[in-house]
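J.: Sharing a structure below in C-alpha cells format, with a few things to ask.
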Amino acid sequence: MTAGPADLLRDLCDSTSARLAGPELRERIAQVRASLDAPLRVAVAGAVSSGKSTLVNALLGLPVAPVDAGECTFVVTQYEYGEDDGLVTIELKDGGVAHSRLLPGHRLPSDLGVEVARIRRLRVTLDQPSLRTVTIVDTPGMNTVTAANEQAARSMLFGSGDEDDRAQAMIYVLRYVQKFDDTTLAEFRGLTGACGMSCVNTLAVLGQVDRRGDEDDPWPTARRLAAKGYQDLRTSVFDVVPVIGLLAETARACPPDAEEFAALSELARMDEDDLEDYLLDLEDFRTAADLPVPAEVRHRLVAKLHRYGIVTAVRALREGVAGDTGALAAHLLERSGYASAGKAATGSVAAGIAHFARRADHLKALDALTRLRALARTPALGSDRVTLDALAAQLDENKPIATALGGLRIFAAAEALGRGTLVLNEEMTAELLRMARHDDPAEQLGLAAGAPKPEIAAAATAASMRWRTLAMMSEGRTGGHRARDVLTVLEDVVGAALTEDRGPATPTGAGPLPPVSVDRAAAEALRSSPMVPADERRSVELLLTGTELALQLGAPPSAPRAELAGYAAALAARFRVLTHRPLPIRQRRAAETLCEAYEAVWAWCDRPDGPSGTPSPARSRQENVS
C-alpha cells in the first residue's frame with residue numbers, strides 16, 4: 001500500500017527528532033507529529049452576533065455554546081472527543097489548569113470559578129462519535145475581519161497563537177448582507193491569508209438568511225448571494241453556503257418537545273391570515289392575550305424558531321408532512337439549509353464538513369508542512385543547524401516534493417493561486433478550483449458524474465496540454481512547480497481512465513512515431529550559445545539526439561499523439577519567447593526556425609484524420625493561415 005502524505009511526514013518528524021539534540025526543538029517536532037495523529041481542528045469564526053455559536057451547537061448536535069444576545073464566546077473553546085462526557089478543562093494563561101463540568105442538558109456554566117481575563121482556553125470533552133475525526137473550536141467574535149499580521153490574526157481567532165492552537169480548517173460565519181463590498185472582500189482575503197487558510201480549508205457561511213422581513217421565502221435571494229459570494233471569494237474559500245443557523249441548531253441540538261409540538265399544532269389550526277398578522281411583530285406574538293397558546297411557550301417558540309421557523313413548522317403540520325416531533329425536526333433541518341440534498345459535494349454546511357473530514361489527512365499534512373518549514377528556519381547551532389538545514393532541503397518550496405506527497409499536489413497549487421505565486425487565466429482558474437472542490441475525476445474535469453472513461457481521458461488530455469505549456473513556460477519558478485503538480489494529477493487521471501477502459505488489444509498500426517528532421521545548423525547555433533537558457537538548450541539536445549518523435553520532445557517513449565501535440569505546443573511557446581529576447585540575429589533566426597518546427601509537429605500530431613507523411617514547417621504555416 002502506498003504511504004499517504006501524513007504517513008510520510010510522520011516518518012520525517014521521527015527521523016528529524018532522532019537527530020536533534022535540543023529539547024525545545026524536539027518538543028516542537030513532537031507537536032507537529034501529534035497533530036498528524038489528532039482529529040482535524042476546525043475553527044468556527046465570525047463577527048460578533050453573526051450566529052457563530054448557534055452554528056457551533058448545530059455542528060455538535062448539542063446546545064453547549066452560549067447563544068444569548070451580544071458577545072457570548074469570550075475565550076477560545078475547544079470541543080473534543082472524550083469518554084468523560086461534560087468535563088471542562090480550563091487552561092490558564094499562567095500555565096495552570098482548573099476543572100469544571102457542563103450543566104445538565106450539556107450547557108456551559110456562566111460562572112467557571114475563574115476570571116475570564118486569566119483563561120487561555122477551554123477544552124470541553126464530549127462523548128460524541130463525530131468528534132473522533134473533527135475537533136470543533138469556537139472562537140471569540142470580531143467586529144471586523146481585519147488582521148494586521150499573522151500572529152495578531154491567529155491570536156485573535158485561536159487564542160494565544162501558539163503552535164498547539166493552530167486550526168487546520170476554518171468555517172467563517174459572515175453576516176447576511178445583500179452585497180459584499182470591496183473592503184469586506186479584501187479584509188476577508190487578508191484574514192484567511194494571515195491565518196494560513198486558503199480555498200482548500202476555508203468554508204464561508206452566510207448566517208441568519210431568514211432575517212429579511214420583506215421576503216416570505218428567503219432562499220432564492222440567499223442562494224444567489226452565496227453564488228455571487230463564491231465567485232468573489234473563490235480563491236480564498238472552498239465554498240460559500242447560506243444557512244438558517246437557528247433552525248439547524250434547533251433541529252440538531254434541541255428539537256421541539258411535546259409541549260412545543262402541541263402548541264405548533266394549535267397554531268396550525270388558526271386562520272392563516274390571523275396568524276400571519278400576529279407574526280408580523282414577534283413582540284405582539286409573544287404577548288398577545290388572545291392566542292390559544294400560553295405566552296411562556298410562545299416565547300420558547302420564538303427563541304427556537306423565530307418567525308420563519310414558526311411559519312415553516314406550521315405549514316408542515318397543515319400539510320401533514322410532520323406527524324411527530326422527530327419528523328418535524330427532520331423537516332426543520334431540511335429547511336435550514338444545513339444539509340445537502342443527496343451526496344452533493346458542495347452547497348451546504350454539512351457538505352463542507354464532509355469535505356474537510358474526507359480530506360482530513362491531506363489538510364493535516366498541509367498544516368504540518370507549513371509548521372515544519374517554519375521550524376526549519378529556527379536559529380540553531382552545531383548539529384541541530386545541520387539537521388534543520390537537511391529538513392529545509394527536503395521541504396524546499398521549489399523542489400518537487402509532490403513526488404513523495406502526491407496527495408497534496410492540487411492543494412499546494414490552489415494555495416499558490418490564492419497567494420498569487422501561481423497566475424492563471426479564467427479557464428485554468430476554474431479548472432484548478434474544480435479539482436480542489438471535487439473528489440470524482442469526472443466532476444473535477446467539469447463532466448457529469450459517471451461520465452464514460454474515454455470522455456474523462458479526453459478531457460484530462462485536453463487540460464494537460466494547457467498545464468504542460470504553463471509548466472514549461474514557468475520552469476524553475478514556484479508557479480512552474482505548482483503547474484507541474486496539476487499536470488501530474490491530470491496525467492494520472494488519463495492513465496487511470498485508459499487503463500480501466502482498455503479492452504482487448506487491436507492492431508491499429510500504433511507504435512513509436514519516427515523522428516522529425518531538424519535544421520541542424522539552427523539547432524547547433526542555439527545549443528552552443530550561453531545566452532540561451534539551459535532548459536531550452538536541453539530541449540535542442542533532445543531534438544537532435546532523440547530516436548523517435550516522443551524522445552525528441554522530452555515525452556515518455558511511445559506517448560500517444562495527443563500528448564505529443566501538447567509537448568510540441570509548449571515547446572513552440574518557449575522558443576517563440578526566445579525570438580523576442582536580445583539575442584544575436586543568427587540565434588533569433590535559429591529560434592524562429594525551431595519554433596516553426598515545433599509548431600509543425602504540433603499541427604501534424606493534432607490532425608483529426610491522423611498524421612501522414614512527415615511534419616513540414618512550411619505546410620504547418622500555410623495550414624494555419626488557411
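Starting from 1 in every chain, residues are counted up; chains themselves are A, B, ... following the order of the C-alpha cells, and ligands are numbered from 1 as listed.
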Using DSSP on the backbone, list every residue of region 83-136 of chain A that comes out as strand (DSSP E or B), and give them as a list of chain:residue names.
T.: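 For region 83-136 of chain A, the strand (DSSP E or B) set is A:Leu87, A:Val88, A:Thr89, A:Ile90, A:Glu91, A:Leu92, A:Val97, A:Ala98, A:His99, A:Ser100, A:Arg101, A:Leu103, A:Arg107, A:Ile119, A:Arg120, A:Arg121, A:Leu122, A:Arg123, A:Val124, A:Thr125, A:Leu126, A:Val134, A:Thr135, A:Ile136.
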J.: Give me, as CSV, each residue of region 304-340 of chain A that comes within 8 Å of region 243-249 of chain A, together with its shortest interatomic pair and the distance in Å at one decimal, counting only C-alpha atoms, with rows ordered by chain and rising residue number.
T.:
residue,atom,partner,partner_atom,distance
A:Lys304,CA,A:Leu246,CA,6.7
A:Leu305,CA,A:Leu247,CA,6.0
A:His306,CA,A:Leu246,CA,8.0
A:Gly309,CA,A:Leu247,CA,6.5
A:Leu332,CA,A:Leu247,CA,6.1
A:Leu333,CA,A:Ala248,CA,5.3
A:Arg335,CA,A:Leu247,CA,7.8
A:Ser336,CA,A:Ile244,CA,4.8
A:Gly337,CA,A:Val243,CA,5.0
A:Tyr338,CA,A:Val243,CA,5.8
J.: Could you take the residues named above and write them with C-alpha atoms, as a tab-separated table (two decimals), in the first residue's frame?
T.:
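As a result, part.tsv now contains:
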chain	number	residue	atom	x	y	z
A	304	LYS	CA	-36.02	28.33	18.98
A	305	LEU	CA	-37.55	29.08	15.59
A	306	HIS	CA	-38.01	32.82	15.03
A	309	GLY	CA	-39.19	28.70	11.61
A	332	LEU	CA	-36.76	21.94	10.03
A	333	LEU	CA	-33.24	20.66	9.38
A	335	ARG	CA	-35.45	23.89	5.56
A	336	SER	CA	-32.44	25.28	7.46
A	337	GLY	CA	-30.12	24.59	4.52
A	338	TYR	CA	-27.69	22.83	6.86
J.: So how far away is CA of Leu40 (chain A) from CA of Glu27 (chain A), in Å?
T.: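 So the answer is 20.2 Å.
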J.: Calculate how many Å separate CA of Ser348 (chain A) from CA of Pro242 (chain A), rounding to one decimal.
T.: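 It comes out at 7.0 Å.
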J.: Which residue out of A:Arg359, A:Arg477, A:Phe261, A:Gly46 has the minimum interatomic distance to Ala322 (chain A) when only C-alpha atoms are used?
T.: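 So, comparing all the options, the nearest one is A:Phe261.
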J.: Please identify all polymer residues within 10 Å of Arg300 (chain A), counting only C-alpha atoms, omitting same-chain residues fewer than 6 positions from it, and present them as a PyMOL selection string.
T.: chain A and resi 256+260+286+306
J.: Do you know which residues are at most 12 Å from region 518-527 of chain A counting only C-alpha atoms, after dropping those on the same chain fewer than 2 positions away, and could you put them as a tab-separated table (two decimals) with N, CA and C atoms, in the first residue's frame?
T.:
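Printed below is result-v4.tsv as written:
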chain	number	residue	atom	x	y	z
A	515	PRO	N	11.40	9.92	-35.87
A	515	PRO	CA	11.89	11.26	-35.52
A	515	PRO	C	11.68	12.23	-36.67
A	516	VAL	N	11.52	13.50	-36.31
A	516	VAL	CA	11.35	14.55	-37.31
A	516	VAL	C	12.73	15.07	-37.71
A	529	SER	N	25.02	28.24	-27.55
A	529	SER	CA	25.00	29.63	-27.09
A	529	SER	C	24.79	29.73	-25.57
A	530	PRO	N	25.69	30.37	-24.83
A	530	PRO	CA	25.48	30.56	-23.39
A	530	PRO	C	24.37	31.56	-23.08
A	531	MET	N	23.89	32.29	-24.09
A	531	MET	CA	22.82	33.26	-23.87
A	531	MET	C	21.44	32.61	-23.91
A	532	VAL	N	21.39	31.35	-24.34
A	532	VAL	CA	20.12	30.61	-24.38
A	532	VAL	C	19.95	29.88	-23.05
A	533	PRO	N	18.78	29.96	-22.42
A	533	PRO	CA	18.57	29.28	-21.13
A	533	PRO	C	18.88	27.79	-21.21
A	534	ALA	N	19.31	27.24	-20.08
A	534	ALA	CA	19.73	25.84	-20.04
A	534	ALA	C	18.60	24.90	-20.43
A	535	ASP	N	17.36	25.19	-20.02
A	535	ASP	CA	16.24	24.30	-20.35
A	535	ASP	C	16.02	24.24	-21.86
A	536	GLU	N	16.15	25.39	-22.54
A	536	GLU	CA	15.97	25.39	-23.98
A	536	GLU	C	17.12	24.66	-24.68
A	537	ARG	N	18.34	24.82	-24.15
A	537	ARG	CA	19.47	24.09	-24.74
A	537	ARG	C	19.27	22.58	-24.59
A	538	ARG	N	18.74	22.19	-23.45
A	538	ARG	CA	18.46	20.77	-23.23
A	538	ARG	C	17.40	20.27	-24.22
A	539	SER	N	16.38	21.10	-24.48
A	539	SER	CA	15.35	20.71	-25.45
A	539	SER	C	15.94	20.54	-26.84
A	540	VAL	N	16.88	21.42	-27.20
A	540	VAL	CA	17.55	21.30	-28.50
A	540	VAL	C	18.35	20.00	-28.56
A	541	GLU	N	19.03	19.67	-27.47
A	541	GLU	CA	19.80	18.42	-27.40
A	541	GLU	C	18.90	17.22	-27.66
A	542	LEU	N	17.73	17.21	-27.04
A	542	LEU	CA	16.79	16.10	-27.25
A	542	LEU	C	16.32	16.07	-28.71
A	543	LEU	N	16.07	17.24	-29.27
A	543	LEU	CA	15.61	17.29	-30.65
A	543	LEU	C	16.64	16.70	-31.61
A	544	LEU	N	17.92	16.89	-31.29
A	544	LEU	CA	18.99	16.39	-32.16
A	544	LEU	C	19.25	14.90	-31.95
A	545	THR	N	19.07	14.41	-30.75
A	545	THR	CA	19.51	13.04	-30.43
A	545	THR	C	18.38	12.03	-30.29
A	546	GLY	N	17.12	12.50	-30.20
A	546	GLY	CA	16.01	11.56	-29.99
A	546	GLY	C	15.86	10.58	-31.13
A	549	LEU	N	10.00	10.45	-32.19
A	549	LEU	CA	9.44	11.78	-32.01
A	549	LEU	C	9.21	12.09	-30.53
A	552	GLN	N	12.35	13.11	-28.87
A	552	GLN	CA	12.79	14.42	-29.33
A	552	GLN	C	12.07	15.55	-28.58
A	575	PHE	N	10.07	28.57	-27.40
A	575	PHE	CA	11.01	29.07	-28.39
A	575	PHE	C	10.49	30.35	-29.05
A	578	LEU	N	11.91	33.05	-27.06
A	578	LEU	CA	13.31	33.30	-27.40
A	578	LEU	C	13.45	34.29	-28.55
A	579	THR	N	12.50	34.26	-29.47
A	579	THR	CA	12.62	35.14	-30.64
A	579	THR	C	12.47	36.61	-30.27
A	583	LEU	N	18.89	38.43	-28.43
A	583	LEU	CA	19.92	37.51	-28.89
A	583	LEU	C	20.54	38.03	-30.18
A	584	PRO	N	21.72	37.57	-30.54
A	584	PRO	CA	22.28	37.89	-31.86
A	584	PRO	C	21.30	37.46	-32.95
A	585	ILE	N	21.32	38.17	-34.07
A	585	ILE	CA	20.36	37.94	-35.13
A	585	ILE	C	20.36	36.49	-35.60
A	586	ARG	N	21.55	35.88	-35.69
A	586	ARG	CA	21.63	34.49	-36.17
A	586	ARG	C	20.89	33.54	-35.21
A	587	GLN	N	21.02	33.80	-33.89
A	587	GLN	CA	20.37	32.92	-32.92
A	587	GLN	C	18.86	33.18	-32.86
A	588	ARG	N	18.43	34.43	-33.06
A	588	ARG	CA	16.99	34.69	-33.09
A	588	ARG	C	16.35	33.98	-34.28
A	589	ARG	N	17.05	34.02	-35.44
A	589	ARG	CA	16.50	33.32	-36.61
A	589	ARG	C	16.48	31.82	-36.39
A	590	ALA	N	17.50	31.31	-35.69
A	590	ALA	CA	17.52	29.88	-35.37
A	590	ALA	C	16.35	29.53	-34.45
A	591	ALA	N	16.06	30.41	-33.48
A	591	ALA	CA	14.93	30.17	-32.59
A	591	ALA	C	13.62	30.16	-33.37
A	592	GLU	N	13.49	31.08	-34.38
A	592	GLU	CA	12.30	31.10	-35.22
A	592	GLU	C	12.16	29.78	-35.99
A	593	THR	N	13.28	29.29	-36.50
A	593	THR	CA	13.25	28.04	-37.27
A	593	THR	C	12.78	26.87	-36.41
A	594	LEU	N	13.32	26.75	-35.18
A	594	LEU	CA	12.92	25.65	-34.31
A	594	LEU	C	11.49	25.83	-33.81
A	595	CYS	N	11.09	27.08	-33.57
A	595	CYS	CA	9.70	27.34	-33.18
A	595	CYS	C	8.75	26.84	-34.27
A	596	GLU	N	9.08	27.14	-35.53
A	596	GLU	CA	8.26	26.68	-36.64
A	596	GLU	C	8.25	25.15	-36.73
A	597	ALA	N	9.40	24.54	-36.43
A	597	ALA	CA	9.45	23.08	-36.46
A	597	ALA	C	8.53	22.48	-35.40
A	598	TYR	N	8.57	23.05	-34.19
A	598	TYR	CA	7.69	22.54	-33.14
A	598	TYR	C	6.22	22.78	-33.48
A	600	ALA	N	5.00	22.86	-36.44
A	600	ALA	CA	4.65	21.88	-37.47
A	600	ALA	C	4.33	20.52	-36.85
A	601	VAL	N	5.15	20.12	-35.88
A	601	VAL	CA	4.88	18.85	-35.18
A	601	VAL	C	3.54	18.92	-34.46
A	614	THR	N	5.45	13.35	-43.08
A	614	THR	CA	6.28	13.92	-42.01
A	614	THR	C	5.91	15.39	-41.84
A	615	PRO	N	6.09	15.93	-40.63
A	615	PRO	CA	5.72	17.33	-40.40
A	615	PRO	C	6.61	18.27	-41.19
A	616	SER	N	5.99	19.30	-41.74
A	616	SER	CA	6.73	20.29	-42.53
A	616	SER	C	6.41	21.67	-42.01
A	617	PRO	N	7.42	22.44	-41.60
A	617	PRO	CA	7.15	23.79	-41.12
A	617	PRO	C	6.40	24.63	-42.14
J.: What lies within 8 Å of Ala263 (chain A) using only C-alpha atoms, ignoring chain neighbours under 3 positions off, as a VMD selection string?
T.: chain A and resid 259 to 260 266 to 267 293 297
J.: Just how far from CA of Arg561 (chain A) is CA of Thr547 (chain A), in Å to one decimal?
T.: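 Separation of CA of Thr547 (chain A) and CA of Arg561 (chain A): 16.1 Å.
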J.: Can you pull out the residues contacting Ala45 (chain A)? Cut-off 7 Å, using only C-alpha atoms, and skip same-chain residues under 5 positions away; I want them as a tab-separated table (two decimals) with all heavy atoms, in the first residue's frame.
T.:
chain	number	residue	atom	x	y	z
A	52	LYS	N	-22.48	32.65	15.07
A	52	LYS	CA	-21.36	31.70	15.11
A	52	LYS	C	-21.59	30.59	16.14
A	52	LYS	O	-21.46	29.40	15.81
A	52	LYS	CB	-20.09	32.50	15.42
A	52	LYS	CG	-18.83	31.71	15.61
A	52	LYS	CD	-17.66	32.64	15.81
A	52	LYS	CE	-17.93	33.62	16.93
A	52	LYS	NZ	-18.08	32.95	18.24
A	138	ASP	N	-14.63	26.89	18.94
A	138	ASP	CA	-15.44	28.11	18.93
A	138	ASP	C	-14.54	29.28	19.33
A	138	ASP	O	-13.83	29.20	20.34
A	138	ASP	CB	-16.60	27.96	19.91
A	138	ASP	CG	-17.65	29.05	19.73
A	138	ASP	OD1	-17.53	29.84	18.78
A	138	ASP	OD2	-18.59	29.11	20.56
A	139	THR	N	-14.55	30.34	18.53
A	139	THR	CA	-13.62	31.45	18.76
A	139	THR	C	-14.38	32.72	19.10
A	139	THR	O	-15.56	32.88	18.73
A	139	THR	CB	-12.76	31.70	17.51
A	139	THR	OG1	-13.60	32.15	16.44
A	139	THR	CG2	-12.03	30.44	17.09
A	141	GLY	N	-15.91	36.41	18.92
A	141	GLY	CA	-16.35	37.18	17.76
A	141	GLY	C	-15.49	38.40	17.53
A	141	GLY	O	-14.79	38.89	18.42
A	157	LEU	N	-8.13	34.81	16.64
A	157	LEU	CA	-9.05	33.72	16.34
A	157	LEU	C	-8.87	32.51	17.24
A	157	LEU	O	-9.84	31.90	17.67
A	157	LEU	CB	-8.89	33.27	14.88
A	157	LEU	CG	-9.45	34.22	13.83
A	157	LEU	CD1	-9.15	33.67	12.45
A	157	LEU	CD2	-10.93	34.41	14.01
A	171	ILE	N	-14.31	27.55	9.43
A	171	ILE	CA	-15.64	27.94	8.97
A	171	ILE	C	-15.84	29.38	9.43
A	171	ILE	O	-15.79	29.65	10.63
A	171	ILE	CB	-16.74	27.04	9.55
A	171	ILE	CG1	-16.54	25.59	9.12
A	171	ILE	CG2	-18.12	27.53	9.13
A	171	ILE	CD1	-17.50	24.62	9.77
A	172	TYR	N	-16.02	30.30	8.50
A	172	TYR	CA	-16.19	31.70	8.87
A	172	TYR	C	-17.63	32.11	8.59
A	172	TYR	O	-18.12	32.00	7.46
A	172	TYR	CB	-15.23	32.61	8.09
A	172	TYR	CG	-15.13	33.98	8.72
A	172	TYR	CD1	-14.14	34.26	9.65
A	172	TYR	CD2	-16.07	34.97	8.43
A	172	TYR	CE1	-14.07	35.50	10.28
A	172	TYR	CE2	-16.01	36.20	9.04
A	172	TYR	CZ	-15.01	36.46	9.97
A	172	TYR	OH	-14.96	37.68	10.58
A	173	VAL	N	-18.31	32.58	9.64
A	173	VAL	CA	-19.71	32.98	9.53
A	173	VAL	C	-19.77	34.47	9.21
A	173	VAL	O	-19.35	35.31	10.01
A	173	VAL	CB	-20.48	32.68	10.83
A	173	VAL	CG1	-21.97	33.00	10.65
A	173	VAL	CG2	-20.31	31.21	11.23
J.: From a backbone DSSP assignment, name each residue in region 309-416 of chain A labelled helix (DSSP H, G or I), as a ChimeraX atom specification.
T.: /A:309-318,325-336,349-358,360-376,382-394,401-403,406-416
J.: Considering only C-alpha atoms, state which residue in the set A:Leu291, A:Val240, A:Leu225, A:Ala414 is at the smallest distance from Asp277 (chain A).
T.: A:Leu291
J.: From the set A:Leu108, A:Ala365, A:Val200, A:Ala603, which residue has the shortest atom-to-atom contact distance to Ala38 (chain A), counting only C-alpha atoms?
T.: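 Using only C-alpha atoms, the shortest distance to Ala38 (chain A) belongs to A:Ala365.
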J.: Tell me, as a ChimeraX atom specification, which residues lie within 8 Å of Pro441 (chain A), counting only C-alpha atoms; anything in the same chain fewer than 6 positions away does not count.
T.: /A:435,456,493
J.: Between A:Thr125, A:Gln78, A:Ser50, A:Asn57, which one has atoms that come closest to Gln208 (chain A), using only C-alpha atoms?
T.: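 Among A:Thr125, A:Gln78, A:Ser50, A:Asn57, it is A:Ser50 that comes nearest to Gln208 (chain A).
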